[in-house]
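Below: final_16.cif (mmCIF, C-alpha atoms (C1' of nucleotides))
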data_target
loop_
_atom_site.group_PDB
_atom_site.id
_atom_site.type_symbol
_atom_site.label_atom_id
_atom_site.label_comp_id
_atom_site.auth_asym_id
_atom_site.auth_seq_id
_atom_site.Cartn_x
_atom_site.Cartn_y
_atom_site.Cartn_z
ATOM 1 C CA MET A 1 -69.309 24.855 89.588
ATOM 2 C CA SER A 2 -67.829 23.421 86.450
ATOM 3 C CA LYS A 3 -67.359 19.707 86.035
ATOM 4 C CA THR A 4 -63.681 19.901 86.760
ATOM 5 C CA GLU A 5 -64.358 21.480 90.117
ATOM 6 C CA HIS A 6 -66.184 18.505 91.557
ATOM 7 C CA ASN A 7 -63.876 16.078 89.770
ATOM 8 C CA PRO A 8 -60.410 17.524 89.956
ATOM 9 C CA ALA A 9 -58.707 14.961 87.734
ATOM 10 C CA TYR A 10 -58.467 17.297 84.764
ATOM 11 C CA GLY A 11 -56.437 20.420 84.386
ATOM 12 C CA LYS A 12 -55.570 20.492 88.052
ATOM 13 C CA HIS A 13 -52.754 19.123 90.137
ATOM 14 C CA ASP A 14 -50.726 19.222 86.933
ATOM 15 C CA ARG A 15 -47.812 20.730 88.893
ATOM 16 C CA GLY A 16 -46.200 22.071 85.766
ATOM 17 C CA PHE A 17 -45.493 18.667 84.254
ATOM 18 C CA SER A 18 -47.366 19.447 81.066
ATOM 19 C CA VAL A 19 -45.171 22.529 80.588
ATOM 20 C CA MET A 20 -42.087 20.373 80.990
ATOM 21 C CA PHE A 21 -43.338 17.669 78.651
ATOM 22 C CA ALA A 22 -44.341 20.315 76.119
ATOM 23 C CA ALA A 23 -40.818 21.736 76.330
ATOM 24 C CA LEU A 24 -39.409 18.333 75.330
ATOM 25 C CA GLY A 25 -42.161 17.782 72.793
ATOM 26 C CA ASP A 26 -40.237 19.382 69.972
ATOM 27 C CA PRO A 27 -37.379 17.552 68.215
ATOM 28 C CA THR A 28 -35.087 20.555 68.319
ATOM 29 C CA ARG A 29 -35.572 21.206 72.028
ATOM 30 C CA LEU A 30 -35.229 17.538 72.855
ATOM 31 C CA ALA A 31 -31.951 17.427 70.966
ATOM 32 C CA ILE A 32 -30.619 20.553 72.715
ATOM 33 C CA PHE A 33 -31.619 19.093 76.067
ATOM 34 C CA ASP A 34 -29.998 15.773 75.167
ATOM 35 C CA ARG A 35 -26.850 17.582 74.105
ATOM 36 C CA LEU A 36 -26.541 19.549 77.337
ATOM 37 C CA ALA A 37 -26.921 16.382 79.412
ATOM 38 C CA ASP A 38 -23.158 15.785 78.984
ATOM 39 C CA GLY A 39 -22.707 18.469 81.608
ATOM 40 C CA LYS A 40 -20.916 21.046 79.444
ATOM 41 C CA PRO A 41 -22.549 24.467 79.335
ATOM 42 C CA ARG A 42 -22.710 25.945 75.868
ATOM 43 C CA SER A 43 -23.347 29.303 74.312
ATOM 44 C CA ILE A 44 -26.216 30.008 71.967
ATOM 45 C CA SER A 45 -23.781 30.201 69.085
ATOM 46 C CA ALA A 46 -22.247 26.839 69.949
ATOM 47 C CA LEU A 47 -25.692 25.256 70.114
ATOM 48 C CA SER A 48 -26.663 26.976 66.881
ATOM 49 C CA ASP A 49 -23.657 25.529 65.106
ATOM 50 C CA ASP A 50 -25.250 22.102 65.570
ATOM 51 C CA ALA A 51 -28.712 23.191 64.505
ATOM 52 C CA ASP A 52 -30.089 23.522 61.010
ATOM 53 C CA MET A 53 -31.770 26.835 61.776
ATOM 54 C CA THR A 54 -30.947 30.424 62.763
ATOM 55 C CA ARG A 55 -29.488 31.465 66.090
ATOM 56 C CA GLN A 56 -32.735 33.284 66.930
ATOM 57 C CA ALA A 57 -34.753 30.127 66.477
ATOM 58 C CA VAL A 58 -32.379 28.277 68.809
ATOM 59 C CA THR A 59 -32.703 31.157 71.283
ATOM 60 C CA LYS A 60 -36.485 30.747 71.239
ATOM 61 C CA HIS A 61 -36.163 27.055 72.005
ATOM 62 C CA LEU A 62 -33.720 27.738 74.837
ATOM 63 C CA ARG A 63 -36.215 30.159 76.335
ATOM 64 C CA VAL A 64 -38.882 27.464 76.343
ATOM 65 C CA LEU A 65 -36.503 24.976 77.984
ATOM 66 C CA GLU A 66 -35.500 27.586 80.554
ATOM 67 C CA THR A 67 -39.105 28.454 81.371
ATOM 68 C CA ALA A 68 -39.724 24.766 81.942
ATOM 69 C CA GLY A 69 -36.763 24.637 84.338
ATOM 70 C CA LEU A 70 -34.795 22.153 82.227
ATOM 71 C CA VAL A 71 -31.851 24.450 81.512
ATOM 72 C CA GLN A 72 -30.475 27.576 83.091
ATOM 73 C CA SER A 73 -28.547 30.438 81.597
ATOM 74 C CA GLN A 74 -25.694 32.556 82.844
ATOM 75 C CA LYS A 75 -24.249 35.583 81.136
ATOM 76 C CA VAL A 76 -20.466 35.409 80.703
ATOM 77 C CA GLY A 77 -19.296 38.571 78.965
ATOM 78 C CA ARG A 78 -21.245 38.829 75.738
ATOM 79 C CA GLU A 79 -22.173 35.133 75.825
ATOM 80 C CA SER A 80 -25.132 33.455 77.441
ATOM 81 C CA GLN A 81 -24.047 30.037 78.629
ATOM 82 C CA TYR A 82 -26.792 27.428 78.890
ATOM 83 C CA ALA A 83 -26.436 24.484 81.237
ATOM 84 C CA PHE A 84 -28.417 21.373 82.045
ATOM 85 C CA CYS A 85 -30.671 21.728 85.062
ATOM 86 C CA PRO A 86 -31.657 18.414 86.707
ATOM 87 C CA GLU A 87 -34.273 19.275 89.341
ATOM 88 C CA GLN A 88 -37.369 19.561 87.180
ATOM 89 C CA LEU A 89 -36.353 16.449 85.269
ATOM 90 C CA ALA A 90 -36.046 14.523 88.532
ATOM 91 C CA GLN A 91 -39.571 15.548 89.497
ATOM 92 C CA ALA A 92 -40.943 14.530 86.118
ATOM 93 C CA ARG A 93 -39.210 11.153 86.315
ATOM 94 C CA ALA A 94 -40.673 10.591 89.780
ATOM 95 C CA TYR A 95 -44.094 11.484 88.447
ATOM 96 C CA LEU A 96 -43.829 9.078 85.498
ATOM 97 C CA ASP A 97 -42.545 6.353 87.839
ATOM 98 C CA GLN A 98 -45.574 6.919 90.041
ATOM 99 C CA VAL A 99 -47.955 6.766 87.053
ATOM 100 C CA ALA A 100 -46.345 3.529 85.845
ATOM 101 C CA GLY A 101 -46.542 2.170 89.399
ATOM 102 C CA ARG A 102 -50.243 2.885 89.586
ATOM 103 C CA TRP A 103 -50.818 0.975 86.377
ATOM 104 C CA GLU A 104 -48.698 -1.923 87.547
ATOM 105 C CA SER A 105 -50.575 -2.074 90.869
ATOM 106 C CA ALA A 106 -53.872 -2.175 89.008
ATOM 107 C CA LEU A 107 -52.574 -4.930 86.769
ATOM 108 C CA MET A 108 -51.463 -6.898 89.858
ATOM 109 C CA ARG A 109 -54.874 -6.551 91.492
ATOM 110 C CA LEU A 110 -56.496 -7.806 88.313
ATOM 111 C CA LYS A 111 -54.205 -10.825 88.155
ATOM 112 C CA THR A 112 -54.859 -11.657 91.806
ATOM 113 C CA PHE A 113 -58.584 -11.372 91.199
ATOM 114 C CA VAL A 114 -58.502 -13.605 88.121
ATOM 115 C CA GLU A 115 -56.309 -16.186 89.837
ATOM 116 C CA GLY A 116 -58.530 -16.135 92.926
ATOM 117 C CA ASP A 117 -61.479 -16.855 90.682
ATOM 118 C CA GLN A 118 -59.786 -19.910 89.275
ATOM 119 C CA ASP A 119 -59.047 -21.520 92.637
ATOM 120 C CA MET B 120 -24.980 18.094 53.418
ATOM 121 C CA SER B 121 -26.758 20.121 56.065
ATOM 122 C CA LYS B 122 -25.195 20.759 59.430
ATOM 123 C CA THR B 123 -27.307 18.129 61.108
ATOM 124 C CA GLU B 124 -25.966 15.498 58.759
ATOM 125 C CA HIS B 125 -22.374 15.747 59.939
ATOM 126 C CA ASN B 126 -23.465 16.258 63.532
ATOM 127 C CA PRO B 127 -26.391 13.966 64.167
ATOM 128 C CA ALA B 128 -27.263 15.246 67.651
ATOM 129 C CA TYR B 129 -30.223 17.286 66.429
ATOM 130 C CA GLY B 130 -33.461 16.092 64.975
ATOM 131 C CA LYS B 131 -32.181 12.576 64.599
ATOM 132 C CA HIS B 132 -32.170 9.534 66.820
ATOM 133 C CA ASP B 133 -35.205 11.092 68.459
ATOM 134 C CA ARG B 134 -36.926 7.669 68.392
ATOM 135 C CA GLY B 135 -40.342 9.228 68.734
ATOM 136 C CA PHE B 136 -39.728 10.615 72.206
ATOM 137 C CA SER B 137 -40.583 14.166 71.202
ATOM 138 C CA VAL B 138 -43.935 12.929 69.883
ATOM 139 C CA MET B 139 -44.602 11.241 73.192
ATOM 140 C CA PHE B 140 -43.552 14.249 75.259
ATOM 141 C CA ALA B 141 -45.641 16.506 73.031
ATOM 142 C CA ALA B 142 -48.610 14.222 73.646
ATOM 143 C CA LEU B 143 -48.228 14.771 77.389
ATOM 144 C CA GLY B 144 -47.446 18.452 76.923
ATOM 145 C CA ASP B 145 -51.059 19.505 77.145
ATOM 146 C CA PRO B 146 -52.871 19.675 80.492
ATOM 147 C CA THR B 147 -55.949 17.903 79.175
ATOM 148 C CA ARG B 148 -54.044 15.005 77.662
ATOM 149 C CA LEU B 149 -51.848 14.665 80.720
ATOM 150 C CA ALA B 150 -54.952 14.475 82.896
ATOM 151 C CA ILE B 151 -56.590 11.865 80.648
ATOM 152 C CA PHE B 152 -53.385 9.829 80.673
ATOM 153 C CA ASP B 153 -53.141 10.175 84.451
ATOM 154 C CA ARG B 154 -56.757 9.091 84.799
ATOM 155 C CA LEU B 155 -56.314 5.957 82.690
ATOM 156 C CA ALA B 156 -53.257 4.906 84.735
ATOM 157 C CA ASP B 157 -55.658 3.334 87.252
ATOM 158 C CA GLY B 158 -56.018 0.512 84.767
ATOM 159 C CA LYS B 159 -59.715 0.956 83.972
ATOM 160 C CA PRO B 160 -60.538 1.410 80.287
ATOM 161 C CA ARG B 161 -63.056 4.139 79.648
ATOM 162 C CA SER B 162 -65.251 5.298 76.821
ATOM 163 C CA ILE B 163 -64.976 8.694 75.199
ATOM 164 C CA SER B 164 -68.213 9.730 76.865
ATOM 165 C CA ALA B 165 -66.973 8.664 80.303
ATOM 166 C CA LEU B 166 -63.750 10.620 79.797
ATOM 167 C CA SER B 167 -65.738 13.588 78.481
ATOM 168 C CA ASP B 168 -67.888 13.642 81.610
ATOM 169 C CA ASP B 169 -64.760 14.621 83.535
ATOM 170 C CA ALA B 170 -63.627 17.220 81.027
ATOM 171 C CA ASP B 171 -64.705 20.819 80.731
ATOM 172 C CA MET B 172 -64.951 20.618 76.939
ATOM 173 C CA THR B 173 -66.897 18.875 74.204
ATOM 174 C CA ARG B 174 -66.691 15.158 73.458
ATOM 175 C CA GLN B 175 -65.097 15.944 70.082
ATOM 176 C CA ALA B 176 -62.302 17.879 71.756
ATOM 177 C CA VAL B 177 -61.651 14.923 74.065
ATOM 178 C CA THR B 178 -61.674 12.631 71.021
ATOM 179 C CA LYS B 179 -58.986 14.783 69.404
ATOM 180 C CA HIS B 180 -56.815 14.490 72.489
ATOM 181 C CA LEU B 181 -57.302 10.730 72.649
ATOM 182 C CA ARG B 182 -56.174 10.476 69.050
ATOM 183 C CA VAL B 183 -52.971 12.328 69.889
ATOM 184 C CA LEU B 184 -52.341 10.032 72.880
ATOM 185 C CA GLU B 185 -53.043 6.981 70.730
ATOM 186 C CA THR B 186 -50.710 8.138 67.962
ATOM 187 C CA ALA B 187 -48.004 8.545 70.602
ATOM 188 C CA GLY B 188 -48.626 5.003 71.790
ATOM 189 C CA LEU B 189 -49.708 6.012 75.297
ATOM 190 C CA VAL B 190 -53.249 4.682 75.068
ATOM 191 C CA GLN B 191 -54.999 2.173 72.858
ATOM 192 C CA SER B 192 -58.586 1.941 71.779
ATOM 193 C CA GLN B 193 -60.917 -0.969 71.269
ATOM 194 C CA LYS B 194 -64.411 -0.796 69.824
ATOM 195 C CA VAL B 195 -66.986 -2.467 72.055
ATOM 196 C CA GLY B 196 -70.389 -2.141 70.388
ATOM 197 C CA ARG B 197 -70.997 1.535 69.796
ATOM 198 C CA GLU B 198 -68.345 2.528 72.327
ATOM 199 C CA SER B 199 -64.648 3.051 71.839
ATOM 200 C CA GLN B 200 -62.900 1.975 75.025
ATOM 201 C CA TYR B 201 -59.569 3.652 75.725
ATOM 202 C CA ALA B 202 -56.984 1.959 77.903
ATOM 203 C CA PHE B 203 -53.587 2.821 79.287
ATOM 204 C CA CYS B 204 -50.704 1.485 77.237
ATOM 205 C CA PRO B 205 -47.418 1.142 79.169
ATOM 206 C CA GLU B 206 -44.772 0.258 76.560
ATOM 207 C CA GLN B 207 -44.016 3.678 75.138
ATOM 208 C CA LEU B 208 -44.012 5.177 78.619
ATOM 209 C CA ALA B 209 -41.469 2.580 79.751
ATOM 210 C CA GLN B 210 -39.189 3.523 76.865
ATOM 211 C CA ALA B 211 -39.510 7.225 77.654
ATOM 212 C CA ARG B 212 -38.736 6.617 81.312
ATOM 213 C CA ALA B 213 -35.661 4.607 80.346
ATOM 214 C CA TYR B 214 -34.565 7.420 78.074
ATOM 215 C CA LEU B 215 -34.986 10.076 80.781
ATOM 216 C CA ASP B 216 -33.135 7.833 83.255
ATOM 217 C CA GLN B 217 -30.295 7.554 80.774
ATOM 218 C CA VAL B 218 -30.207 11.339 80.229
ATOM 219 C CA ALA B 219 -30.150 11.944 83.977
ATOM 220 C CA GLY B 220 -27.437 9.304 84.332
ATOM 221 C CA ARG B 221 -25.286 11.032 81.765
ATOM 222 C CA TRP B 222 -25.525 14.281 83.665
ATOM 223 C CA GLU B 223 -24.762 12.606 86.956
ATOM 224 C CA SER B 224 -21.702 10.884 85.448
ATOM 225 C CA ALA B 225 -20.453 14.218 84.159
ATOM 226 C CA LEU B 226 -20.989 15.783 87.583
ATOM 227 C CA MET B 227 -19.076 12.912 89.183
ATOM 228 C CA ARG B 228 -16.137 13.338 86.801
ATOM 229 C CA LEU B 229 -16.050 17.044 87.610
ATOM 230 C CA LYS B 230 -16.022 16.392 91.352
ATOM 231 C CA THR B 231 -13.232 13.835 91.008
ATOM 232 C CA PHE B 232 -11.256 16.308 88.922
ATOM 233 C CA VAL B 233 -11.729 19.154 91.409
ATOM 234 C CA GLU B 234 -10.879 16.961 94.385
ATOM 235 C CA GLY B 235 -7.823 15.570 92.579
ATOM 236 C CA ASP B 236 -6.654 19.118 92.033
ATOM 237 C CA GLN B 237 -6.844 19.853 95.706
ATOM 238 C CA ASP B 238 -4.712 16.930 96.826
ATOM 239 C "C1'" DG C 239 -90.109 0.066 66.173
ATOM 240 C "C1'" DT C 240 -88.782 4.218 68.353
ATOM 241 C "C1'" DT C 241 -85.827 6.883 71.076
ATOM 242 C "C1'" DA C 242 -81.535 7.768 73.025
ATOM 243 C "C1'" DA C 243 -76.625 7.189 73.466
ATOM 244 C "C1'" DA C 244 -72.230 7.066 71.484
ATOM 245 C "C1'" DT C 245 -69.409 7.992 67.943
ATOM 246 C "C1'" DG C 246 -67.162 9.796 63.593
ATOM 247 C "C1'" DC C 247 -66.426 13.280 60.222
ATOM 248 C "C1'" DA C 248 -65.760 17.765 58.436
ATOM 249 C "C1'" DA C 249 -65.691 22.572 58.489
ATOM 250 C "C1'" DC C 250 -64.766 26.624 61.008
ATOM 251 C "C1'" DC C 251 -62.169 29.967 63.994
ATOM 252 C "C1'" DA C 252 -58.769 32.293 66.947
ATOM 253 C "C1'" DG C 253 -54.489 32.041 68.779
ATOM 254 C "C1'" DG C 254 -49.980 30.211 69.178
ATOM 255 C "C1'" DA C 255 -45.802 27.865 67.555
ATOM 256 C "C1'" DG C 256 -41.747 27.697 64.928
ATOM 257 C "C1'" DG C 257 -39.270 29.528 61.851
ATOM 258 C "C1'" DT C 258 -36.986 33.929 59.250
ATOM 259 C "C1'" DT C 259 -35.199 38.680 58.524
ATOM 260 C "C1'" DG C 260 -33.466 43.160 59.881
ATOM 261 C "C1'" DC C 261 -31.233 45.967 62.953
ATOM 262 C "C1'" DG C 262 -29.106 47.769 67.165
ATOM 263 C "C1'" DT C 263 -26.105 46.980 71.313
ATOM 264 C "C1'" DT C 264 -22.347 45.016 73.883
ATOM 265 C "C1'" DA C 265 -18.103 42.510 74.485
ATOM 266 C "C1'" DT C 266 -13.983 40.530 72.464
ATOM 267 C "C1'" DG C 267 -10.131 40.027 69.343
ATOM 268 C "C1'" DT C 268 -6.749 42.125 66.412
ATOM 269 C "C1'" DA D 269 -9.505 52.192 67.205
ATOM 270 C "C1'" DC D 270 -11.648 49.119 64.347
ATOM 271 C "C1'" DA D 271 -13.638 44.788 62.960
ATOM 272 C "C1'" DT D 272 -15.869 40.851 64.418
ATOM 273 C "C1'" DA D 273 -18.618 37.929 67.335
ATOM 274 C "C1'" DA D 274 -22.496 37.232 70.175
ATOM 275 C "C1'" DC D 275 -26.687 38.539 71.511
ATOM 276 C "C1'" DG D 276 -31.457 40.728 72.130
ATOM 277 C "C1'" DC D 277 -35.577 42.550 70.265
ATOM 278 C "C1'" DA D 278 -39.399 42.997 67.235
ATOM 279 C "C1'" DA D 279 -42.006 42.190 63.310
ATOM 280 C "C1'" DC D 280 -43.471 39.034 59.955
ATOM 281 C "C1'" DC D 281 -45.281 34.643 57.887
ATOM 282 C "C1'" DT D 282 -47.111 29.980 57.469
ATOM 283 C "C1'" DC D 283 -48.918 26.248 59.521
ATOM 284 C "C1'" DC D 284 -50.778 23.864 63.302
ATOM 285 C "C1'" DT D 285 -53.348 23.379 67.589
ATOM 286 C "C1'" DG D 286 -57.270 23.280 70.415
ATOM 287 C "C1'" DG D 287 -61.485 24.230 70.725
ATOM 288 C "C1'" DT D 288 -66.663 24.492 68.730
ATOM 289 C "C1'" DT D 289 -70.770 23.389 65.870
ATOM 290 C "C1'" DG D 290 -73.579 20.659 62.809
ATOM 291 C "C1'" DC D 291 -74.896 16.463 61.061
ATOM 292 C "C1'" DA D 292 -74.935 11.495 59.869
ATOM 293 C "C1'" DT D 293 -74.365 6.658 61.305
ATOM 294 C "C1'" DT D 294 -74.345 2.786 64.371
ATOM 295 C "C1'" DT D 295 -75.580 0.462 68.561
ATOM 296 C "C1'" DA D 296 -78.263 -0.089 72.775
ATOM 297 C "C1'" DA D 297 -82.248 0.666 75.719
ATOM 298 C "C1'" DC D 298 -87.064 0.737 76.236
#

Could you write out this structure as structure tokens?
Amino acid sequence: MSKTEHNPAYGKHDRGFSVMFAALGDPTRLAIFDRLADGKPRSISALSDDADMTRQAVTKHLRVLETAGLVQSQKVGRESQYAFCPEQLAQARAYLDQVAGRWESALMRLKTFVEGDQD
Amino acid sequence: MSKTEHNPAYGKHDRGFSVMFAALGDPTRLAIFDRLADGKPRSISALSDDADMTRQAVTKHLRVLETAGLVQSQKVGRESQYAFCPEQLAQARAYLDQVAGRWESALMRLKTFVEGDQD
DNA sequence: GTTAAATGCAACCAGGAGGTTGCGTTATGT
DNA sequence: ACATAACGCAACCTCCTGGTTGCATTTAAC
């Protein structure tokens, strides 16, 4: 039984969030994601026009975003249209809200404890 | 003038968010971050006890989290205590809320347009 | 004072990431 | 029908990541 088995805090219960964060952890992918948030699907070529790199590099980034569930593609004739996909983002936001909430609760308990001590 | 200079959507105005997302884009770092959200600072050794890897590997991850502004360290005797740091997370949450809001606004405009068409 | 704990540093290694190039296929425009 | 646009695939290359090991230093415990 490895350490992580009796203490499941590490590497488990990740629920894919690290994949999603990793997908946004590259400036190019973050910018593509940001761009698609306006709701307009775009082709690879259209997205490549805005990027300072080849179409194939942009395609690689789109694949990472798609695997993470942040965008989805649809073939329209010879074009692949990529669109913003909100579900995974919503889950990640909820997770970060929960993490922040845990910290804030801990901070509150500390303040109550310190103030109780000073009564 | 490169393409990104006349169209600043890519690689600019990132404001460090990709660094932060990259920091959380590894299962080990995400777990460490999650662990520290309970508000209790911990030493490298304490965090290593929970990890299925060497202390030096954990130290590397803590350095990445610290560089991203997600944790902060304080030397206490021979120990480096690492604590949760909420500011950068708050900014990232605000950014993701804003991105989601943009998409929702676009969706709303589309629905209004479609419903207007059907009147 | 000695031993142990905790840490930092540097070198090493394998694999992956992030880009490019070349080429073939399919769909669209003329 | 032909030219062009858009795309997919694969191979390549450089650099970085994520881990380990070895060793030295500092601090704490006994």

Quiz item: So which residues are close to (-71.9, 0.6, 69.7), meaning at most 10 Å away in the file's coordinates with only C-alpha atoms (C1' of nucleotides) counted, and can you show them as a list of chain:residue names?
Solution: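 Protein, DNA and RNA residues close to (-71.9, 0.6, 69.7): B:Lys194, B:Val195, B:Gly196, B:Arg197, B:Glu198, B:Ser199, C:DA243, C:DA244, C:DT245, D:DT294, D:DT295, D:DA296.
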
Practice problem: List, as a PyMOL selection string, every residue that the PyMOL selection byres ((chain D and resi 286) around 8) selects in the file provided. | Solution: (chain B and resi 176) or (chain D and resi 285+287)

Over every C-alpha pair, in sequence order, do a least-squares fit of chain B onto chain A and save the fitted chain as an mmCIF file with C-alpha atoms, keeping the file's coordinate frame.
data_model
loop_
_atom_site.group_PDB
_atom_site.id
_atom_site.type_symbol
_atom_site.label_atom_id
_atom_site.label_comp_id
_atom_site.auth_asym_id
_atom_site.auth_seq_id
_atom_site.Cartn_x
_atom_site.Cartn_y
_atom_site.Cartn_z
ATOM 1 C CA MET B 120 -69.086 25.159 89.437
ATOM 2 C CA SER B 121 -67.623 23.625 86.308
ATOM 3 C CA LYS B 122 -67.235 19.898 85.946
ATOM 4 C CA THR B 123 -63.544 20.032 86.689
ATOM 5 C CA GLU B 124 -64.236 21.643 90.031
ATOM 6 C CA HIS B 125 -66.118 18.691 91.480
ATOM 7 C CA ASN B 126 -63.793 16.225 89.785
ATOM 8 C CA PRO B 127 -60.295 17.613 90.024
ATOM 9 C CA ALA B 128 -58.587 15.006 87.828
ATOM 10 C CA TYR B 129 -58.380 17.316 84.822
ATOM 11 C CA GLY B 130 -56.365 20.443 84.394
ATOM 12 C CA LYS B 131 -55.505 20.581 88.052
ATOM 13 C CA HIS B 132 -52.705 19.180 90.146
ATOM 14 C CA ASP B 133 -50.690 19.229 86.943
ATOM 15 C CA ARG B 134 -47.742 20.715 88.889
ATOM 16 C CA GLY B 135 -46.156 22.045 85.737
ATOM 17 C CA PHE B 136 -45.491 18.631 84.235
ATOM 18 C CA SER B 137 -47.372 19.402 81.039
ATOM 19 C CA VAL B 138 -45.187 22.485 80.561
ATOM 20 C CA MET B 139 -42.103 20.349 80.966
ATOM 21 C CA PHE B 140 -43.336 17.627 78.622
ATOM 22 C CA ALA B 141 -44.347 20.269 76.089
ATOM 23 C CA ALA B 142 -40.836 21.696 76.303
ATOM 24 C CA LEU B 143 -39.423 18.305 75.320
ATOM 25 C CA GLY B 144 -42.171 17.729 72.772
ATOM 26 C CA ASP B 145 -40.244 19.339 69.959
ATOM 27 C CA PRO B 146 -37.390 17.515 68.216
ATOM 28 C CA THR B 147 -35.095 20.528 68.324
ATOM 29 C CA ARG B 148 -35.577 21.181 72.020
ATOM 30 C CA LEU B 149 -35.237 17.511 72.860
ATOM 31 C CA ALA B 150 -31.950 17.408 70.964
ATOM 32 C CA ILE B 151 -30.639 20.539 72.704
ATOM 33 C CA PHE B 152 -31.637 19.089 76.069
ATOM 34 C CA ASP B 153 -30.005 15.774 75.175
ATOM 35 C CA ARG B 154 -26.856 17.594 74.107
ATOM 36 C CA LEU B 155 -26.559 19.564 77.347
ATOM 37 C CA ALA B 156 -26.933 16.375 79.425
ATOM 38 C CA ASP B 157 -23.184 15.813 78.977
ATOM 39 C CA GLY B 158 -22.724 18.482 81.610
ATOM 40 C CA LYS B 159 -20.946 21.070 79.456
ATOM 41 C CA PRO B 160 -22.580 24.503 79.364
ATOM 42 C CA ARG B 161 -22.731 25.989 75.906
ATOM 43 C CA SER B 162 -23.393 29.347 74.343
ATOM 44 C CA ILE B 163 -26.259 30.045 71.989
ATOM 45 C CA SER B 164 -23.814 30.257 69.107
ATOM 46 C CA ALA B 165 -22.253 26.894 69.973
ATOM 47 C CA LEU B 166 -25.698 25.288 70.142
ATOM 48 C CA SER B 167 -26.681 27.015 66.896
ATOM 49 C CA ASP B 168 -23.656 25.572 65.113
ATOM 50 C CA ASP B 169 -25.236 22.145 65.570
ATOM 51 C CA ALA B 170 -28.700 23.232 64.499
ATOM 52 C CA ASP B 171 -30.090 23.530 61.009
ATOM 53 C CA MET B 172 -31.806 26.837 61.784
ATOM 54 C CA THR B 173 -31.015 30.410 62.739
ATOM 55 C CA ARG B 174 -29.534 31.464 66.072
ATOM 56 C CA GLN B 175 -32.777 33.289 66.914
ATOM 57 C CA ALA B 176 -34.786 30.109 66.453
ATOM 58 C CA VAL B 177 -32.408 28.277 68.794
ATOM 59 C CA THR B 178 -32.749 31.151 71.274
ATOM 60 C CA LYS B 179 -36.529 30.726 71.217
ATOM 61 C CA HIS B 180 -36.184 27.040 71.999
ATOM 62 C CA LEU B 181 -33.748 27.723 74.827
ATOM 63 C CA ARG B 182 -36.239 30.136 76.330
ATOM 64 C CA VAL B 183 -38.909 27.441 76.314
ATOM 65 C CA LEU B 184 -36.517 24.958 77.965
ATOM 66 C CA GLU B 185 -35.532 27.568 80.543
ATOM 67 C CA THR B 186 -39.144 28.435 81.348
ATOM 68 C CA ALA B 187 -39.763 24.727 81.917
ATOM 69 C CA GLY B 188 -36.817 24.598 84.294
ATOM 70 C CA LEU B 189 -34.812 22.125 82.208
ATOM 71 C CA VAL B 190 -31.882 24.420 81.496
ATOM 72 C CA GLN B 191 -30.532 27.564 83.086
ATOM 73 C CA SER B 192 -28.610 30.427 81.605
ATOM 74 C CA GLN B 193 -25.770 32.535 82.892
ATOM 75 C CA LYS B 194 -24.319 35.592 81.195
ATOM 76 C CA VAL B 195 -20.552 35.376 80.794
ATOM 77 C CA GLY B 196 -19.361 38.545 79.061
ATOM 78 C CA ARG B 197 -21.257 38.824 75.812
ATOM 79 C CA GLU B 198 -22.213 35.149 75.889
ATOM 80 C CA SER B 199 -25.186 33.483 77.491
ATOM 81 C CA GLN B 200 -24.087 30.057 78.680
ATOM 82 C CA TYR B 201 -26.820 27.434 78.903
ATOM 83 C CA ALA B 202 -26.466 24.483 81.239
ATOM 84 C CA PHE B 203 -28.444 21.377 82.039
ATOM 85 C CA CYS B 204 -30.694 21.718 85.059
ATOM 86 C CA PRO B 205 -31.661 18.395 86.692
ATOM 87 C CA GLU B 206 -34.292 19.261 89.321
ATOM 88 C CA GLN B 207 -37.383 19.530 87.161
ATOM 89 C CA LEU B 208 -36.372 16.421 85.244
ATOM 90 C CA ALA B 209 -36.050 14.493 88.510
ATOM 91 C CA GLN B 210 -39.573 15.518 89.487
ATOM 92 C CA ALA B 211 -40.948 14.493 86.098
ATOM 93 C CA ARG B 212 -39.213 11.132 86.296
ATOM 94 C CA ALA B 213 -40.658 10.570 89.764
ATOM 95 C CA TYR B 214 -44.090 11.450 88.451
ATOM 96 C CA LEU B 215 -43.830 9.042 85.502
ATOM 97 C CA ASP B 216 -42.540 6.322 87.851
ATOM 98 C CA GLN B 217 -45.560 6.889 90.056
ATOM 99 C CA VAL B 218 -47.948 6.737 87.072
ATOM 100 C CA ALA B 219 -46.349 3.509 85.871
ATOM 101 C CA GLY B 220 -46.523 2.140 89.414
ATOM 102 C CA ARG B 221 -50.218 2.855 89.611
ATOM 103 C CA TRP B 222 -50.821 0.931 86.424
ATOM 104 C CA GLU B 223 -48.694 -1.963 87.572
ATOM 105 C CA SER B 224 -50.569 -2.110 90.899
ATOM 106 C CA ALA B 225 -53.868 -2.204 89.043
ATOM 107 C CA LEU B 226 -52.566 -4.985 86.798
ATOM 108 C CA MET B 227 -51.437 -6.921 89.870
ATOM 109 C CA ARG B 228 -54.850 -6.593 91.523
ATOM 110 C CA LEU B 229 -56.486 -7.855 88.341
ATOM 111 C CA LYS B 230 -54.192 -10.878 88.168
ATOM 112 C CA THR B 231 -54.828 -11.721 91.818
ATOM 113 C CA PHE B 232 -58.558 -11.420 91.212
ATOM 114 C CA VAL B 233 -58.481 -13.646 88.122
ATOM 115 C CA GLU B 234 -56.297 -16.250 89.806
ATOM 116 C CA GLY B 235 -58.504 -16.196 92.914
ATOM 117 C CA ASP B 236 -61.477 -16.894 90.695
ATOM 118 C CA GLN B 237 -59.824 -19.946 89.271
ATOM 119 C CA ASP B 238 -59.062 -21.595 92.594
#

Give me the residues near DT259 of chain C as an mmCIF file with C-alpha atoms (C1' of nucleotides), keeping the file's coordinate frame, where near means some atom within 12 Å (using only C-alpha atoms (C1' of nucleotides)) and where sequence neighbours in that chain fewer than 3 positions away do not count.
data_model
loop_
_atom_site.group_PDB
_atom_site.id
_atom_site.type_symbol
_atom_site.label_atom_id
_atom_site.label_comp_id
_atom_site.auth_asym_id
_atom_site.auth_seq_id
_atom_site.Cartn_x
_atom_site.Cartn_y
_atom_site.Cartn_z
ATOM 1 C CA THR A 54 -30.947 30.424 62.763
ATOM 2 C CA ARG A 55 -29.488 31.465 66.090
ATOM 3 C CA GLN A 56 -32.735 33.284 66.930
ATOM 4 C CA ALA A 57 -34.753 30.127 66.477
ATOM 5 C "C1'" DA D 278 -39.399 42.997 67.235
ATOM 6 C "C1'" DA D 279 -42.006 42.190 63.310
ATOM 7 C "C1'" DC D 280 -43.471 39.034 59.955
ATOM 8 C "C1'" DC D 281 -45.281 34.643 57.887
#
